[in-house]
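So this block is query.cif, mmCIF, C-alpha atoms:
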```cif
data_run
loop_
_atom_site.label_atom_id
_atom_site.label_comp_id
_atom_site.auth_asym_id
_atom_site.auth_seq_id
_atom_site.Cartn_x
_atom_site.Cartn_y
_atom_site.Cartn_z
CA MET A 1 -1.33 16.07 -6.99
CA PHE A 2 -3.48 14.91 -4.07
CA GLU A 3 -3.02 12.23 -1.43
CA GLY A 4 -5.98 10.42 0.05
CA THR A 5 -7.59 7.10 0.69
CA GLN A 6 -8.75 4.90 -2.15
CA ASP A 7 -12.38 5.91 -1.62
CA GLU A 8 -11.55 9.62 -1.50
CA LEU A 9 -9.54 9.43 -4.71
CA LEU A 10 -12.15 7.38 -6.57
CA ASP A 11 -14.80 9.93 -5.53
CA MET A 12 -12.58 12.71 -6.93
CA LEU A 13 -12.35 10.77 -10.21
CA ARG A 14 -16.14 10.48 -10.35
CA THR A 15 -16.52 14.26 -10.03
CA ASP A 16 -13.70 14.98 -12.54
CA ASP A 17 -11.62 16.68 -9.83
CA LEU A 18 -8.84 14.26 -10.81
CA ASP A 19 -7.94 12.77 -14.18
CA CYS A 20 -6.36 9.58 -12.84
CA VAL A 21 -5.09 8.09 -9.58
CA PHE A 22 -2.48 5.69 -8.33
CA THR A 23 -4.03 3.64 -5.56
CA ALA A 24 -3.83 0.28 -3.87
CA VAL A 25 -6.74 -1.54 -5.44
CA ASP A 26 -7.36 -4.68 -7.43
CA PRO A 27 -8.21 -3.35 -10.92
CA ASP A 28 -10.48 -6.35 -11.51
CA ARG A 29 -12.72 -5.30 -8.58
CA ILE A 30 -13.57 -1.69 -9.45
CA GLY A 31 -16.40 -2.34 -11.88
CA ASN A 32 -17.08 -0.88 -15.31
CA GLU A 33 -17.03 2.77 -14.28
CA PHE A 34 -13.24 2.86 -14.28
CA ALA A 35 -10.42 1.66 -16.50
CA ALA A 36 -7.31 0.45 -14.71
CA THR A 37 -4.04 -1.32 -15.05
CA LEU A 38 -2.11 -3.06 -12.33
CA LEU A 39 1.31 -1.40 -12.19
CA TRP A 40 3.04 -3.44 -9.50
CA GLU A 41 2.50 -5.40 -6.34
CA ASP A 42 4.55 -4.38 -3.35
CA GLU A 43 5.18 -6.89 -0.57
CA TYR A 44 3.98 -5.99 2.95
CA VAL A 45 6.71 -6.22 5.59
CA VAL A 46 6.72 -5.77 9.35
CA ALA A 47 8.90 -2.86 10.48
CA MET A 48 10.22 -2.68 14.02
CA PRO A 49 12.99 -1.03 16.00
CA PRO A 50 16.43 -2.66 15.97
CA GLY A 51 16.67 -5.19 18.79
CA HIS A 52 12.97 -6.11 18.77
CA PRO A 53 12.48 -9.85 19.53
CA LEU A 54 10.71 -10.44 16.19
CA ALA A 55 13.78 -9.11 14.36
CA GLU A 56 15.50 -12.43 15.09
CA ARG A 57 12.97 -14.33 12.95
CA ASP A 58 13.09 -14.81 9.17
CA HIS A 59 9.41 -13.76 8.90
CA VAL A 60 6.54 -12.60 11.12
CA THR A 61 3.25 -14.48 11.20
CA LEU A 62 -0.15 -12.84 11.48
CA GLU A 63 -0.54 -14.53 14.87
CA GLN A 64 2.68 -12.92 16.11
CA LEU A 65 1.55 -9.58 14.68
CA ALA A 66 -1.75 -9.83 16.60
CA GLY A 67 0.22 -10.12 19.85
CA GLU A 68 2.03 -6.81 19.35
CA ASP A 69 1.07 -3.16 19.70
CA LEU A 70 0.64 -1.90 16.14
CA ILE A 71 1.10 1.48 14.55
CA ALA A 72 -1.74 1.54 12.02
CA TYR A 73 -2.97 3.77 9.24
CA ARG A 74 -6.34 5.55 9.44
CA GLU A 75 -9.45 3.35 9.33
CA ASN A 76 -10.26 3.71 5.63
CA SER A 77 -6.68 3.25 4.40
CA ALA A 78 -6.41 0.54 1.73
CA LEU A 79 -3.27 -0.81 3.39
CA ARG A 80 -4.96 -1.11 6.79
CA LEU A 81 -8.13 -2.61 5.32
CA ARG A 82 -6.17 -5.28 3.43
CA LEU A 83 -4.15 -6.23 6.51
CA GLU A 84 -7.19 -6.34 8.80
CA ALA A 85 -9.12 -8.46 6.29
CA LYS A 86 -6.26 -10.97 6.12
CA MET A 87 -6.03 -11.09 9.91
CA GLY A 88 -9.83 -11.44 10.15
CA GLU A 89 -9.71 -14.52 7.90
CA ARG A 90 -7.81 -16.19 10.77
CA GLY A 91 -9.99 -14.80 13.54
CA LEU A 92 -7.32 -12.29 14.56
CA GLU A 93 -7.66 -8.62 15.43
CA PRO A 94 -4.85 -6.06 15.44
CA ARG A 95 -3.95 -4.24 18.65
CA ASN A 96 -3.75 -0.73 17.20
CA ALA A 97 -1.80 1.41 19.66
CA PHE A 98 -1.33 4.41 17.34
CA VAL A 99 -3.10 5.58 14.20
CA CYS A 100 -1.22 7.72 11.67
CA THR A 101 -1.98 9.03 8.21
CA GLU A 102 1.53 9.32 6.77
CA MET A 103 3.94 6.46 6.03
CA ALA A 104 7.10 8.31 7.13
CA ALA A 105 5.50 9.06 10.51
CA VAL A 106 4.43 5.43 10.90
CA ARG A 107 8.01 4.32 10.18
CA THR A 108 9.43 6.86 12.66
CA LEU A 109 7.12 5.70 15.46
CA ALA A 110 8.18 2.09 14.81
CA SER A 111 11.83 3.11 14.82
CA LYS A 112 11.37 4.72 18.24
CA GLY A 113 9.89 1.53 19.68
CA LEU A 114 6.31 2.73 20.10
CA GLY A 115 5.01 -0.38 18.36
CA ILE A 116 5.59 -2.31 15.16
CA THR A 117 3.96 -1.63 11.82
CA VAL A 118 3.17 -3.18 8.49
CA ILE A 119 4.40 -1.14 5.52
CA PRO A 120 5.16 -1.79 1.86
CA ARG A 121 8.66 -3.15 1.35
CA SER A 122 9.52 -0.20 -0.90
CA ALA A 123 8.89 2.15 2.05
CA ALA A 124 10.97 -0.03 4.39
CA GLU A 125 13.90 0.07 1.95
CA GLN A 126 13.95 3.88 1.77
CA ASP A 127 16.29 6.02 3.83
CA GLY A 128 14.87 7.02 7.16
CA PRO A 129 15.03 6.32 10.87
CA PRO A 130 16.61 2.94 11.63
CA ILE A 131 14.26 -0.03 11.43
CA VAL A 132 14.54 -3.75 10.97
CA TRP A 133 11.97 -5.33 8.70
CA ARG A 134 10.86 -8.87 8.09
CA PRO A 135 8.36 -10.23 5.57
CA LEU A 136 4.97 -11.44 6.67
CA GLY A 137 4.89 -15.18 6.35
CA PRO A 138 4.87 -17.93 5.70
CA GLU A 139 2.49 -16.64 3.03
CA ALA A 140 3.33 -13.23 1.52
CA LEU A 141 0.80 -10.41 1.57
CA THR A 142 1.03 -7.84 -1.21
CA TRP A 143 -0.25 -4.35 -1.89
CA PRO A 144 -1.53 -4.08 -5.48
CA VAL A 145 -1.00 -0.59 -6.92
CA ALA A 146 -3.00 0.37 -9.99
CA LEU A 147 -3.38 3.39 -12.24
CA ILE A 148 -7.10 4.16 -12.55
CA TRP A 149 -9.11 6.59 -14.68
CA ARG A 150 -12.77 6.97 -15.66
CA ALA A 151 -13.48 4.69 -18.59
CA ALA A 152 -16.11 6.85 -20.31
CA ARG A 153 -14.43 10.22 -19.76
CA ARG A 154 -12.77 11.98 -22.64
CA GLN A 155 -9.40 12.90 -21.21
CA PRO A 156 -7.90 16.38 -21.68
CA PRO A 157 -4.63 16.37 -23.67
CA ALA A 158 -2.39 16.65 -20.60
CA ALA A 159 -4.15 13.74 -18.87
CA LYS A 160 -4.01 11.64 -22.05
CA ALA A 161 -0.25 12.31 -22.34
CA PHE A 162 0.31 11.47 -18.67
CA LEU A 163 -1.64 8.20 -18.91
CA SER A 164 0.34 7.22 -22.00
CA LEU A 165 3.66 7.99 -20.29
CA ALA A 166 2.71 6.21 -17.05
CA LEU A 167 1.54 3.07 -18.87
CA THR A 168 4.67 3.03 -21.05
CA ARG A 169 6.93 3.40 -17.99
CA ALA A 170 5.11 0.61 -16.19
CA GLU A 171 5.66 -1.72 -19.14
CA GLU A 172 9.36 -0.77 -19.29
CA HIS A 173 9.80 -1.79 -15.66
CA VAL A 174 8.34 -5.26 -16.02
CA ALA A 175 11.11 -7.72 -15.23
CA GLY A 176 9.77 -11.22 -15.84
CA PRO A 177 6.80 -11.96 -13.56
CA GLU A 178 7.73 -9.18 -11.09
CA ARG A 179 7.21 -5.47 -11.48
CA ALA A 180 9.38 -2.68 -10.17
CA ARG A 181 8.90 -1.61 -6.56
CA VAL A 182 7.96 2.02 -6.15
CA GLY A 183 7.13 3.94 -2.97
CA LEU A 184 3.62 5.28 -2.43
CA ALA A 185 1.83 6.79 0.54
CA ALA A 186 -0.98 4.80 2.14
#
```

Rewritten as structure tokens:
Amino acid sequence: MFEGTQDELLDMLRTDDLDCVFTAVDPDRIGNEFAATLLWEDEYVVAMPPGHPLAERDHVTLEQLAGEDLIAYRENSALRLRLEAKMGERGLEPRNAFVCTEMAAVRTLASKGLGITVIPRSAAEQDGPPIVWRPLGPEALTWPVALIWRAARRQPPAAKAFLSLALTRAEEHVAGPERARVGLAA
């Protein structure tokens, strides 16, 4: 098992260093080289220390987010790229005070009051240092997580079995129009 950015993992698929990856990507935008299935979409939330002024609101707007010191993920992180693109659509830029590579560290820095952060709701709901989280709003922003593999590659038996199991489990967790929330590193 390897952790990395979307680009790093897709490059490892291309060179057959990996059989498949879970990554935050829209499966309809990866071209014909890969096969993919969307497993779930996790809602982005804003995490902050208890007592932060934004904790009193029912949601945090992108404009409010732009006025805060942010704890961000590394530059090529899919989560960071998606957030910055959404902010850019409104002419906003994040004020990145810290850059981290690991979600638990990002959450801990937010808990200690060193800034606020945007994380998947599944990560905010996990046990860890105390935080308060609010959804982005009024329009939700989601993190699409897909299982991806090379379309033309003949999979080894273990990879074929894993893909079958993962796809079956994903289908079992479909509850109406929503899919199960599962934690995943950025």

Point (8.7, -4.1, 9.5), cut-off 9 Å, counting only C-alpha atoms, residues as a ChimeraX atom specification: /A:44-49,55,60,107,110,116-121,124,131-136

Non-local contacts of Thr23 in chain A (6 Å; all atoms listed in the file; under 6 positions in same chain excluded) as a VMD selection string: chain A and resid 6 145 to 146

One-decimal distance in Å that lies between CA of Asp42 in chain A and CA of Pro130 in chain A: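 Going from CA of Pro130 in chain A over to CA of Asp42 in chain A, I get 20.6 Å.
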
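If you measure from each of A:Asp127, A:Pro138, A:Val21, A:Leu147 to Ala170 in chain A using only C-alpha atoms, the closest one turns out to be A:Leu147.
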
Residues selected by the PyMOL selection byres ((chain A and resi 153-161) around 12), written as JSON, numbers by chain: {"A": [13, 14, 15, 16, 18, 19, 20, 21, 33, 34, 35, 148, 149, 150, 151, 152, 162, 163, 164, 165, 166, 167, 168]}

Atom-to-atom span, CA of Asp69 in chain A and CA of Ala24 in chain A, Å: 24.3 Å

Protein and nucleic acid residues near (-1.6, -4.2, 21.3) (cut-off 10 Å, all atoms listed in the file) as a ChimeraX atom specification: /A:65-71,93-98,115-116

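Restricting the calculation to all atoms listed in the file, the smallest distance between Asn76 in chain A and any of A:Val106, A:Asn32, A:Cys100, A:Trp143 is found for A:Cys100.
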
All residues 7 Å or closer to range 78-85 of chain A, all atoms listed in the file, same chain fewer than 3 positions away omitted, as a list in words: Thr5, Gln6, Ala24, Ala72, Tyr73, Glu75, Gly88, Glu89 and Ala186 of chain A

Resulting file, chosen residues, C-alpha atoms, as a compact mmCIF listing (two decimals), keeping the file's coordinate frame:
```txt
# COMPACT_ATOMS: atom_id res chain seq x y z
CA THR A 5 -7.59 7.10 0.69
CA GLN A 6 -8.75 4.90 -2.15
CA ALA A 24 -3.83 0.28 -3.87
CA ALA A 72 -1.74 1.54 12.02
CA TYR A 73 -2.97 3.77 9.24
CA GLU A 75 -9.45 3.35 9.33
CA GLY A 88 -9.83 -11.44 10.15
CA GLU A 89 -9.71 -14.52 7.90
CA ALA A 186 -0.98 4.80 2.14
```

Computed interatomic separation between CA of Glu41 in chain A and CA of Pro53 in chain A (Å):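 So the answer is 28.1 Å.
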
Any chance you could work out the axis-aligned box around range 135-151 of chain A, listed atoms only, 4 Å on each side, giving centre and edge lengths in Å to one decimal, as JSON?
```
{"center_x": -2.6, "center_y": -5.5, "center_z": -6.0, "size_x": 29.8, "size_y": 32.9, "size_z": 33.3}
```
